[in-house]
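**Q** Have a peek at structure.cif (mmCIF, C-alpha atoms (C1' of nucleotides)).
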data_model
loop_
_atom_site.label_atom_id
_atom_site.label_comp_id
_atom_site.auth_asym_id
_atom_site.auth_seq_id
_atom_site.Cartn_x
_atom_site.Cartn_y
_atom_site.Cartn_z
CA MET A 1 12.34 -21.07 20.93
CA ALA A 2 12.73 -17.72 22.61
CA GLY A 3 15.46 -15.48 21.26
CA LYS A 4 17.14 -15.73 17.88
CA GLY A 5 19.14 -12.57 18.32
CA LEU A 6 16.53 -10.56 16.47
CA ASN A 7 16.22 -6.86 17.15
CA THR A 8 14.79 -3.72 15.60
CA ASP A 9 18.00 -2.72 13.85
CA ARG A 10 18.45 -6.10 12.20
CA ILE A 11 14.82 -5.99 11.05
CA VAL A 12 15.20 -2.50 9.60
CA GLU A 13 18.37 -3.44 7.75
CA ALA A 14 16.90 -6.65 6.38
CA ALA A 15 13.80 -4.76 5.30
CA ALA A 16 15.90 -2.15 3.53
CA GLU A 17 17.74 -4.91 1.72
CA LEU A 18 14.49 -6.61 0.75
CA ILE A 19 12.98 -3.37 -0.54
CA ALA A 20 16.12 -2.65 -2.55
CA GLU A 21 15.85 -6.10 -4.12
CA LYS A 22 12.14 -6.62 -4.64
CA GLY A 23 10.86 -3.09 -4.88
CA PHE A 24 9.03 -0.91 -2.40
CA ASP A 25 5.55 -1.95 -3.46
CA ARG A 26 6.32 -5.66 -3.54
CA PHE A 27 7.58 -5.63 0.01
CA SER A 28 5.66 -7.56 2.65
CA LEU A 29 6.16 -8.46 6.29
CA ARG A 30 5.64 -12.11 5.42
CA GLU A 31 8.62 -12.22 3.09
CA LEU A 32 10.67 -10.19 5.55
CA ALA A 33 9.86 -12.63 8.34
CA ASP A 34 10.69 -15.58 6.06
CA ARG A 35 14.08 -14.10 5.32
CA LEU A 36 14.73 -13.61 9.02
CA GLY A 37 13.69 -17.20 9.76
CA VAL A 38 10.75 -16.18 11.86
CA LYS A 39 6.96 -15.94 11.73
CA THR A 40 5.30 -12.69 10.71
CA ALA A 41 3.72 -12.06 14.09
CA SER A 42 7.07 -12.32 15.81
CA LEU A 43 8.22 -9.12 14.13
CA TYR A 44 5.73 -7.27 16.29
CA ASN A 45 7.87 -7.94 19.33
CA HIS A 46 10.36 -5.47 17.85
CA ILE A 47 8.34 -3.13 15.66
CA SER A 48 4.97 -1.60 16.32
CA SER A 49 3.59 -1.35 12.78
CA LEU A 50 4.50 -1.48 9.14
CA SER A 51 4.36 2.29 8.80
CA GLU A 52 6.75 2.72 11.71
CA LEU A 53 9.10 0.24 10.05
CA THR A 54 8.86 2.15 6.79
CA SER A 55 9.73 5.35 8.62
CA ASN A 56 12.77 3.69 10.15
CA ILE A 57 13.93 2.57 6.73
CA GLY A 58 13.46 6.12 5.46
CA GLN A 59 15.60 7.42 8.29
CA LEU A 60 18.27 4.84 7.51
CA THR A 61 18.16 5.94 3.89
CA PHE A 62 18.64 9.58 4.85
CA GLU A 63 21.64 8.60 6.96
CA ARG A 64 23.21 6.60 4.15
CA MET A 65 22.56 9.43 1.73
CA ALA A 66 24.15 11.97 4.04
CA GLY A 67 27.12 9.64 4.44
CA GLN A 68 27.66 9.48 0.70
CA LEU A 69 27.03 13.17 0.04
CA TYR A 70 29.45 14.57 2.56
CA SER A 71 32.25 12.06 2.30
CA GLY A 72 35.70 13.40 1.40
CA THR A 73 35.99 15.50 -1.72
CA GLU A 74 37.06 18.91 -0.57
CA CYS A 75 36.10 21.36 -3.26
CA ALA A 76 37.85 24.50 -4.44
CA SER A 77 34.87 26.76 -3.76
CA SER A 78 31.56 26.71 -1.93
CA PHE A 79 29.86 26.68 -5.31
CA ASP A 80 31.77 23.58 -6.33
CA THR A 81 30.77 21.94 -3.07
CA LEU A 82 27.15 22.73 -3.83
CA TYR A 83 27.47 21.31 -7.31
CA HIS A 84 29.13 18.21 -5.96
CA ILE A 85 26.34 17.65 -3.45
CA ALA A 86 23.64 18.10 -6.08
CA ILE A 87 25.26 15.58 -8.41
CA GLY A 88 25.64 13.14 -5.54
CA TYR A 89 21.99 13.54 -4.57
CA ARG A 90 20.81 12.34 -7.97
CA ARG A 91 23.41 9.60 -8.12
CA PHE A 92 22.18 8.21 -4.80
CA ALA A 93 18.57 8.36 -5.94
CA LYS A 94 19.43 6.51 -9.15
CA GLU A 95 21.50 3.90 -7.38
CA ASN A 96 18.87 3.32 -4.69
CA PRO A 97 15.55 3.97 -6.42
CA GLU A 98 13.43 1.78 -4.19
CA LEU A 99 14.96 2.96 -0.94
CA TYR A 100 14.60 6.55 -2.12
CA LYS A 101 10.85 6.09 -2.22
CA THR A 102 10.76 5.47 1.53
CA ILE A 103 11.92 8.99 2.34
CA VAL A 104 8.77 10.56 1.00
CA LYS A 105 6.30 7.76 1.66
CA ILE A 106 2.84 9.23 1.66
CA PRO A 107 2.06 10.13 5.28
CA SER A 108 5.43 11.45 6.42
CA ALA A 109 3.81 14.58 7.81
CA GLY A 110 3.94 14.33 11.57
CA ASP A 111 6.70 11.73 11.39
CA SER A 112 9.17 13.75 13.43
CA GLY A 113 11.94 11.17 13.27
CA LEU A 114 12.00 11.09 9.49
CA ILE A 115 11.65 14.84 9.19
CA GLU A 116 14.55 15.38 11.57
CA LYS A 117 16.82 13.15 9.50
CA GLY A 118 15.77 15.08 6.42
CA GLN A 119 16.59 18.34 8.15
CA ASN A 120 20.01 16.98 9.04
CA LEU A 121 20.69 16.29 5.39
CA VAL A 122 19.81 19.81 4.31
CA HIS A 123 21.32 21.56 7.31
CA SER A 124 24.70 20.54 6.00
CA LEU A 125 24.09 22.94 3.14
CA TYR A 126 23.80 25.92 5.44
CA PRO A 127 27.49 26.59 6.07
CA VAL A 128 28.08 26.48 2.34
CA LEU A 129 25.33 29.01 1.74
CA GLU A 130 26.43 31.14 4.66
CA ALA A 131 29.86 31.33 3.08
CA CYS A 132 28.15 32.88 0.06
CA GLY A 133 26.93 35.71 2.24
CA LEU A 134 23.23 34.87 2.07
CA SER A 135 20.93 36.24 4.74
CA GLU A 136 19.42 33.85 7.27
CA LYS A 137 16.05 33.88 5.51
CA ASP A 138 17.56 33.47 2.06
CA ILE A 139 19.55 30.49 3.25
CA ILE A 140 16.28 28.79 4.11
CA HIS A 141 14.66 29.88 0.87
CA PHE A 142 17.55 28.74 -1.28
CA SER A 143 17.99 25.40 0.45
CA ARG A 144 14.27 24.71 0.02
CA THR A 145 14.59 25.71 -3.62
CA ILE A 146 17.48 23.43 -4.50
CA ARG A 147 16.11 20.61 -2.41
CA SER A 148 12.78 20.86 -4.19
CA ALA A 149 14.48 20.95 -7.55
CA MET A 150 16.63 17.91 -6.82
CA HIS A 151 13.83 15.87 -5.34
CA GLY A 152 11.36 16.84 -8.02
CA PHE A 153 13.82 16.06 -10.78
CA VAL A 154 14.74 12.56 -9.63
CA THR A 155 11.11 11.75 -8.92
CA LEU A 156 9.78 12.91 -12.29
CA GLU A 157 12.70 11.34 -14.11
CA LYS A 158 12.13 7.98 -12.43
CA ALA A 159 8.42 8.17 -13.14
CA GLY A 160 9.20 8.54 -16.82
CA PHE A 161 7.88 12.06 -17.27
CA PHE A 162 10.96 13.26 -19.12
CA GLY A 163 10.83 12.11 -22.71
CA THR A 164 13.69 11.64 -25.12
CA MET A 165 13.72 15.21 -26.35
CA ALA A 166 16.86 16.00 -24.38
CA ASP A 167 19.41 14.15 -22.28
CA ALA A 168 18.44 14.00 -18.60
CA ASP A 169 22.05 14.44 -17.46
CA GLU A 170 22.23 17.67 -19.42
CA SER A 171 18.93 18.87 -17.99
CA TYR A 172 20.10 18.18 -14.46
CA SER A 173 23.35 20.07 -15.02
CA TYR A 174 21.38 22.92 -16.54
CA MET A 175 19.12 23.04 -13.49
CA VAL A 176 21.87 22.91 -10.90
CA GLU A 177 24.08 25.38 -12.76
CA THR A 178 21.15 27.75 -13.14
CA LEU A 179 20.55 27.71 -9.40
CA ILE A 180 24.21 28.13 -8.55
CA ARG A 181 24.54 31.00 -11.01
CA SER A 182 21.62 32.73 -9.34
CA LEU A 183 23.46 32.31 -6.06
CA LYS A 184 26.60 33.86 -7.50
CA ASN A 185 24.61 36.85 -8.70
CA GLU A 186 23.02 37.15 -5.28
CA CYS A 187 26.32 37.48 -3.46
CA GLY A 188 28.10 39.47 -6.08
CA GLY A 189 30.33 36.63 -7.16
CA ALA A 190 32.13 36.51 -3.81
CA ASP A 191 33.27 33.15 -2.50
CA ARG A 192 34.65 31.60 0.67
CA MET B 1 -30.35 -6.44 -12.58
CA ALA B 2 -28.33 -5.80 -15.71
CA GLY B 3 -27.47 -2.19 -16.39
CA LYS B 4 -27.51 0.65 -13.89
CA GLY B 5 -26.05 3.18 -16.27
CA LEU B 6 -22.57 2.57 -14.92
CA ASN B 7 -19.60 3.24 -17.16
CA THR B 8 -15.86 3.84 -16.93
CA ASP B 9 -16.13 7.63 -16.79
CA ARG B 10 -18.64 7.59 -13.96
CA ILE B 11 -16.43 5.17 -12.06
CA VAL B 12 -13.34 7.33 -12.56
CA GLU B 13 -15.16 10.47 -11.44
CA ALA B 14 -16.66 8.79 -8.39
CA ALA B 15 -13.26 7.37 -7.52
CA ALA B 16 -11.67 10.81 -7.82
CA GLU B 17 -14.32 12.20 -5.51
CA LEU B 18 -13.80 9.39 -3.02
CA ILE B 19 -10.03 9.86 -3.02
CA ALA B 20 -10.44 13.60 -2.52
CA GLU B 21 -12.67 12.91 0.48
CA LYS B 22 -11.09 9.93 2.18
CA GLY B 23 -7.50 10.19 1.06
CA PHE B 24 -5.51 8.30 -1.51
CA ASP B 25 -4.32 5.57 0.84
CA ARG B 26 -7.71 4.98 2.42
CA PHE B 27 -9.34 4.42 -0.93
CA SER B 28 -10.74 0.96 -1.72
CA LEU B 29 -12.79 -0.60 -4.50
CA ARG B 30 -15.27 -1.86 -1.93
CA GLU B 31 -16.15 1.62 -0.74
CA LEU B 32 -16.23 2.88 -4.31
CA ALA B 33 -18.62 0.11 -5.30
CA ASP B 34 -20.79 0.83 -2.25
CA ARG B 35 -21.05 4.45 -3.24
CA LEU B 36 -22.04 3.46 -6.77
CA GLY B 37 -24.67 1.06 -5.43
CA VAL B 38 -22.97 -1.98 -6.87
CA LYS B 39 -20.86 -4.96 -5.81
CA THR B 40 -17.09 -4.75 -6.01
CA ALA B 41 -16.75 -7.39 -8.69
CA SER B 42 -19.13 -5.50 -10.96
CA LEU B 43 -16.59 -2.72 -11.34
CA TYR B 44 -14.47 -5.13 -13.33
CA ASN B 45 -16.95 -5.00 -16.19
CA HIS B 46 -15.75 -1.44 -16.78
CA ILE B 47 -12.19 -1.29 -15.47
CA SER B 48 -9.45 -3.86 -15.79
CA SER B 49 -7.56 -3.28 -12.56
CA LEU B 50 -7.05 -0.89 -9.68
CA SER B 51 -3.81 0.41 -11.11
CA GLU B 52 -5.47 1.20 -14.43
CA LEU B 53 -8.18 3.06 -12.53
CA THR B 54 -5.57 4.99 -10.60
CA SER B 55 -3.91 5.95 -13.86
CA ASN B 56 -7.21 7.20 -15.24
CA ILE B 57 -7.72 9.33 -12.16
CA GLY B 58 -4.22 10.72 -12.60
CA GLN B 59 -5.04 11.65 -16.18
CA LEU B 60 -8.26 13.32 -15.07
CA THR B 61 -6.27 15.25 -12.50
CA PHE B 62 -3.81 16.45 -15.13
CA GLU B 63 -6.70 17.61 -17.28
CA ARG B 64 -8.33 19.50 -14.42
CA MET B 65 -5.02 21.04 -13.53
CA ALA B 66 -4.37 22.17 -17.08
CA GLY B 67 -7.88 23.62 -17.19
CA GLN B 68 -7.23 25.72 -14.10
CA LEU B 69 -3.71 26.78 -15.08
CA TYR B 70 -4.48 28.07 -18.53
CA SER B 71 -7.86 29.65 -17.94
CA GLY B 72 -8.25 33.33 -18.76
CA THR B 73 -5.81 35.74 -17.16
CA GLU B 74 -3.86 37.25 -20.00
CA CYS B 75 -0.61 38.54 -18.58
CA ALA B 76 1.42 41.58 -19.49
CA SER B 77 4.57 39.62 -20.28
CA SER B 78 5.68 36.04 -20.86
CA PHE B 79 7.44 36.20 -17.54
CA ASP B 80 4.24 37.16 -15.80
CA THR B 81 2.48 34.28 -17.51
CA LEU B 82 5.14 31.92 -16.22
CA TYR B 83 4.79 33.29 -12.72
CA HIS B 84 1.03 32.98 -12.91
CA ILE B 85 1.29 29.34 -13.99
CA ALA B 86 3.73 28.50 -11.21
CA ILE B 87 1.51 30.03 -8.56
CA GLY B 88 -1.48 28.18 -9.97
CA TYR B 89 0.40 24.90 -9.93
CA ARG B 90 0.97 25.06 -6.20
CA ARG B 91 -2.54 26.31 -5.54
CA PHE B 92 -3.99 23.33 -7.35
CA ALA B 93 -1.73 20.93 -5.46
CA LYS B 94 -2.78 22.47 -2.14
CA GLU B 95 -6.45 22.46 -3.01
CA ASN B 96 -6.35 18.87 -4.27
CA PRO B 97 -3.68 17.18 -2.18
CA GLU B 98 -5.02 13.66 -2.46
CA LEU B 99 -5.73 13.82 -6.16
CA TYR B 100 -2.29 15.31 -6.72
CA LYS B 101 -0.76 12.11 -5.40
CA THR B 102 -2.27 10.10 -8.23
CA ILE B 103 -0.20 11.88 -10.86
CA VAL B 104 3.02 10.44 -9.58
CA LYS B 105 1.80 7.15 -8.18
CA ILE B 106 4.75 4.84 -7.89
CA PRO B 107 4.82 2.83 -11.13
CA SER B 108 3.88 5.52 -13.62
CA ALA B 109 6.85 4.61 -15.80
CA GLY B 110 5.50 2.90 -18.88
CA ASP B 111 2.05 4.37 -18.29
CA SER B 112 1.90 6.14 -21.63
CA GLY B 113 -1.56 7.63 -21.10
CA LEU B 114 -0.58 9.36 -17.88
CA ILE B 115 2.75 10.50 -19.26
CA GLU B 116 1.09 11.99 -22.32
CA LYS B 117 -1.30 14.05 -20.17
CA GLY B 118 1.67 15.24 -18.16
CA GLN B 119 3.46 16.24 -21.35
CA ASN B 120 0.39 18.16 -22.44
CA LEU B 121 0.50 20.17 -19.25
CA VAL B 122 4.13 21.15 -19.70
CA HIS B 123 3.96 21.61 -23.47
CA SER B 124 1.80 24.63 -22.85
CA LEU B 125 4.88 26.24 -21.35
CA TYR B 126 6.83 26.00 -24.59
CA PRO B 127 5.33 28.97 -26.45
CA VAL B 128 5.97 31.11 -23.40
CA LEU B 129 9.58 30.02 -23.28
CA GLU B 130 9.99 30.35 -27.03
CA ALA B 131 8.83 33.93 -26.74
CA CYS B 132 11.79 34.46 -24.42
CA GLY B 133 14.13 33.45 -27.20
CA LEU B 134 15.35 30.21 -25.65
CA SER B 135 16.89 27.56 -27.89
CA GLU B 136 14.99 24.34 -28.52
CA LYS B 137 17.20 22.40 -26.11
CA ASP B 138 17.08 25.06 -23.43
CA ILE B 139 13.29 25.10 -23.64
CA ILE B 140 13.32 21.45 -22.67
CA HIS B 141 15.92 21.97 -19.97
CA PHE B 142 14.15 24.94 -18.45
CA SER B 143 10.72 23.37 -18.50
CA ARG B 144 12.12 20.28 -16.77
CA THR B 145 13.80 22.55 -14.26
CA ILE B 146 10.74 24.54 -13.28
CA ARG B 147 8.53 21.49 -13.36
CA SER B 148 10.91 19.65 -11.04
CA ALA B 149 11.06 22.64 -8.73
CA MET B 150 7.28 23.02 -8.57
CA HIS B 151 6.60 19.34 -8.08
CA GLY B 152 9.39 18.89 -5.57
CA PHE B 153 8.29 21.90 -3.57
CA VAL B 154 4.65 20.93 -3.21
CA THR B 155 5.61 17.34 -2.41
CA LEU B 156 8.15 18.20 0.26
CA GLU B 157 5.92 20.90 1.70
CA LYS B 158 2.99 18.50 1.99
CA ALA B 159 5.19 15.85 3.53
CA GLY B 160 6.13 18.31 6.24
CA PHE B 161 9.81 18.65 5.39
CA PHE B 162 9.77 22.43 5.54
CA GLY B 163 9.90 23.58 9.11
CA THR B 164 8.77 26.87 10.58
CA MET B 165 12.01 28.70 9.96
CA ALA B 166 10.51 30.61 7.05
CA ASP B 167 7.14 31.10 5.42
CA ALA B 168 6.47 28.57 2.66
CA ASP B 169 4.72 31.15 0.49
CA GLU B 170 7.82 33.31 0.61
CA SER B 171 10.04 30.37 -0.22
CA TYR B 172 7.92 29.46 -3.21
CA SER B 173 7.99 33.03 -4.51
CA TYR B 174 11.74 33.10 -3.99
CA MET B 175 12.12 29.89 -5.98
CA VAL B 176 9.91 30.92 -8.88
CA GLU B 177 11.36 34.40 -9.06
CA THR B 178 14.87 33.00 -9.01
CA LEU B 179 14.08 30.79 -11.98
CA ILE B 180 12.37 33.55 -13.91
CA ARG B 181 15.24 35.91 -13.23
CA SER B 182 17.66 33.36 -14.62
CA LEU B 183 15.47 33.22 -17.70
CA LYS B 184 15.59 36.99 -18.09
CA ASN B 185 19.37 36.92 -17.87
CA GLU B 186 19.47 34.14 -20.45
CA CYS B 187 17.57 36.13 -23.07
CA GLY B 188 19.06 39.49 -22.25
CA GLY B 189 15.90 40.84 -20.67
CA ALA B 190 13.97 40.76 -23.94
CA ASP B 191 10.27 39.94 -23.81
CA ARG B 192 7.43 39.09 -26.16
"C1'" DT C 1 -40.64 -14.08 -29.89
"C1'" DT C 2 -36.04 -15.56 -29.83
"C1'" DG C 3 -31.39 -14.92 -29.07
"C1'" DA C 4 -27.29 -12.43 -28.15
"C1'" DT C 5 -24.89 -9.40 -25.17
"C1'" DA C 6 -23.47 -6.43 -21.67
"C1'" DA C 7 -23.66 -5.80 -16.97
"C1'" DA C 8 -24.92 -7.13 -12.83
"C1'" DC C 9 -24.53 -10.93 -9.33
"C1'" DT C 10 -22.50 -14.77 -5.88
"C1'" DA C 11 -18.81 -17.22 -4.19
"C1'" DA C 12 -14.20 -18.32 -3.72
"C1'" DT C 13 -9.00 -17.49 -3.77
"C1'" DG C 14 -4.91 -15.88 -2.06
"C1'" DG C 15 -2.90 -12.03 -0.41
"C1'" DT C 16 -2.23 -8.31 3.30
"C1'" DA C 17 -1.36 -6.26 8.29
"C1'" DT C 18 -2.57 -6.84 12.83
"C1'" DT C 19 -4.04 -8.70 17.53
"C1'" DA C 20 -4.78 -11.99 21.39
"C1'" DG C 21 -3.31 -15.46 23.85
"C1'" DT C 22 0.19 -19.23 24.62
"C1'" DT C 23 4.61 -21.48 24.92
"C1'" DT C 24 9.54 -21.48 25.58
"C1'" DA C 25 14.11 -20.51 26.45
"C1'" DT C 26 17.22 -17.59 28.60
"C1'" DA C 27 18.78 -14.52 32.39
"C1'" DA C 28 18.47 -12.95 37.03
"C1'" DT C 29 17.46 -13.94 41.77
"C1'" DA C 30 16.91 -16.42 46.09
"C1'" DT D 1 21.35 -24.99 42.29
"C1'" DA D 2 16.41 -24.24 41.97
"C1'" DT D 3 12.94 -20.77 41.05
"C1'" DT D 4 10.95 -17.08 38.74
"C1'" DA D 5 10.38 -13.33 35.76
"C1'" DT D 6 10.72 -11.72 31.19
"C1'" DA D 7 11.52 -11.19 26.48
"C1'" DA D 8 10.79 -13.31 22.28
"C1'" DA D 9 9.18 -16.70 19.81
"C1'" DC D 10 4.86 -19.27 18.50
"C1'" DT D 11 -0.26 -20.51 16.84
"C1'" DA D 12 -4.60 -19.09 15.55
"C1'" DA D 13 -7.90 -15.88 14.32
"C1'" DT D 14 -9.67 -11.37 12.42
"C1'" DA D 15 -10.75 -8.18 9.10
"C1'" DC D 16 -9.41 -6.23 5.40
"C1'" DC D 17 -7.85 -6.14 0.30
"C1'" DA D 18 -7.91 -6.96 -5.13
"C1'" DT D 19 -9.02 -10.24 -8.34
"C1'" DT D 20 -11.19 -14.21 -10.95
"C1'" DA D 21 -14.64 -17.74 -12.39
"C1'" DG D 22 -18.91 -18.84 -13.23
"C1'" DT D 23 -23.92 -17.56 -13.13
"C1'" DT D 24 -28.06 -14.83 -13.56
"C1'" DT D 25 -30.66 -11.07 -15.50
"C1'" DA D 26 -32.35 -7.46 -18.10
"C1'" DT D 27 -32.29 -5.01 -22.30
"C1'" DC D 28 -31.77 -4.52 -27.32
"C1'" DA D 29 -31.65 -6.35 -32.04
"C1'" DA D 30 -33.13 -9.74 -35.35
#
Can you turn what I pasted into structure tokens?

**A**
Amino acid sequence: MAGKGLNTDRIVEAAAELIAEKGFDRFSLRELADRLGVKTASLYNHISSLSELTSNIGQLTFERMAGQLYSGTECASSFDTLYHIAIGYRRFAKENPELYKTIVKIPSAGDSGLIEKGQNLVHSLYPVLEACGLSEKDIIHFSRTIRSAMHGFVTLEKAGFFGTMADADESYSYMVETLIRSLKNECGGADR
Amino acid sequence: MAGKGLNTDRIVEAAAELIAEKGFDRFSLRELADRLGVKTASLYNHISSLSELTSNIGQLTFERMAGQLYSGTECASSFDTLYHIAIGYRRFAKENPELYKTIVKIPSAGDSGLIEKGQNLVHSLYPVLEACGLSEKDIIHFSRTIRSAMHGFVTLEKAGFFGTMADADESYSYMVETLIRSLKNECGGADR
DNA sequence: TTGATAAACTAATGGTATTAGTTTATAATA
DNA sequence: TATTATAAACTAATACCATTAGTTTATCAA
């Protein structure tokens, strides 16, 4: 019994599927191994630890997210593109709540692979912001701002911190539109 | 050996201390019990589960945070107050990184105690925003916006997602000032 | 002094990730 | 074709973890 076609990629994908189904905190290597028709210890021939596996799933999640965010949909203006991306960000987080958790799993600091994939996601914003005439520094500042806002919003919303006082969709639009408006003011309303 | 003066509050405070020292993910009931001079099982006479304990620590953290954010420091304008609060928010998160994690521990949805304490923290923003002349709905929207931005920023920063391309302090100021500026535009620059 | 109670205890259960050492089947080589 | 090396599976054990059941013990009230 040596060789069932198992490899790291298949493990990562199966783990992502299992997390999506059962929830991030109810995930275990035992159940993953069961699903792959193998004993728990055998996984260690392909992965080095649970935290490394979690990181790989986070990276996969970033890739899928980037794929969804930047697919098709040419927009009339850079601002519309930005709006489109922001809406897509929240949609992905809502559609993949458990997977989303893996991208900010507690000790991601020092996890260069995960961080790089995260950078890739946000780097795609740069051309859009450059087209608005922002300085190099302000591009960084603004992308950190909107990224923080988006991530914070979906996290707090999911955690139940927004009550019923106002519709969350409306709040999200308000937030994104506020940030885009500030951008328009910054570059004097110019586009392209 | 019945009665060492142990109670829920002492347990919660000791646990908060332990988490601050050892880190949220390296926390265990065994070590907590050790520190309290008691066996692990004995803790269950005062708490009902680990997750309930974690929630209590989160609530304590919210209270401490609120205490630091709204202490003294009368500001010249509502906008200055807002700025002051935002700066304090990040300072607290940086000074108490491990405790900060407890306020958004994964399954906080449905944890009414924790959510209420979180509401208390943000409710204190309302008078400030009201003084700016915002509508009832916009007060909710804006407070969700700035809260998302603050929480997202400190989370992503701690996780290492901001590189070295720009100073994080500068980015945070940029973010907060951008939001406050949008508020000024909203209410026509009026204050008080 | 007796009795109730709250808070400690011991001991066990079932779960977790992880490691060491062993077997086995496949793939490459002689 | 026979041999050997290797990768990938296995078994078994370790050291944690939270939690529960049942038991003892000390204090406080009747």

**Q** Based on all atoms listed in the file, which of the residues in chain A come within 12 Å of chain C? I want them as a PyMOL selection string.

**A** chain A and resi 1-5+26-31+40-44+47-51

**Q** How many Å separate CA of Gly37 (chain B) from C1' of DT25 (chain D)?

**A**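 C1' of DT25 (chain D) lies 16.9 Å from CA of Gly37 (chain B).
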
**Q** With the PyMOL selection byres ((chain D) within 10 of (chain B)) as the selection, what would be picked from this file? Answer as a PyMOL selection string, please.

**A** chain D and resi 17-20+24-27

**Q** Which one is closest to Lys39 (chain B): B:Leu6, B:Ser171, B:Gly88, B:Ser78? Count all atoms listed in the file.

**A** B:Leu6

**Q** Excluding Tyr70 (chain B) and residues on its chain fewer than 4 positions from it, collect all residues at most 9 Å away from it, counting only C-alpha atoms (C1' of nucleotides), and give them as a list in words.

**A** Met65, Ala66, Ile85 and Ser124 of chain B

**Q** Which value, in Å to one decimal, gives the distance between CA of Gly160 (chain A) and CA of Phe92 (chain A)?

**A**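 CA of Gly160 (chain A) sits 17.7 Å away from CA of Phe92 (chain A).
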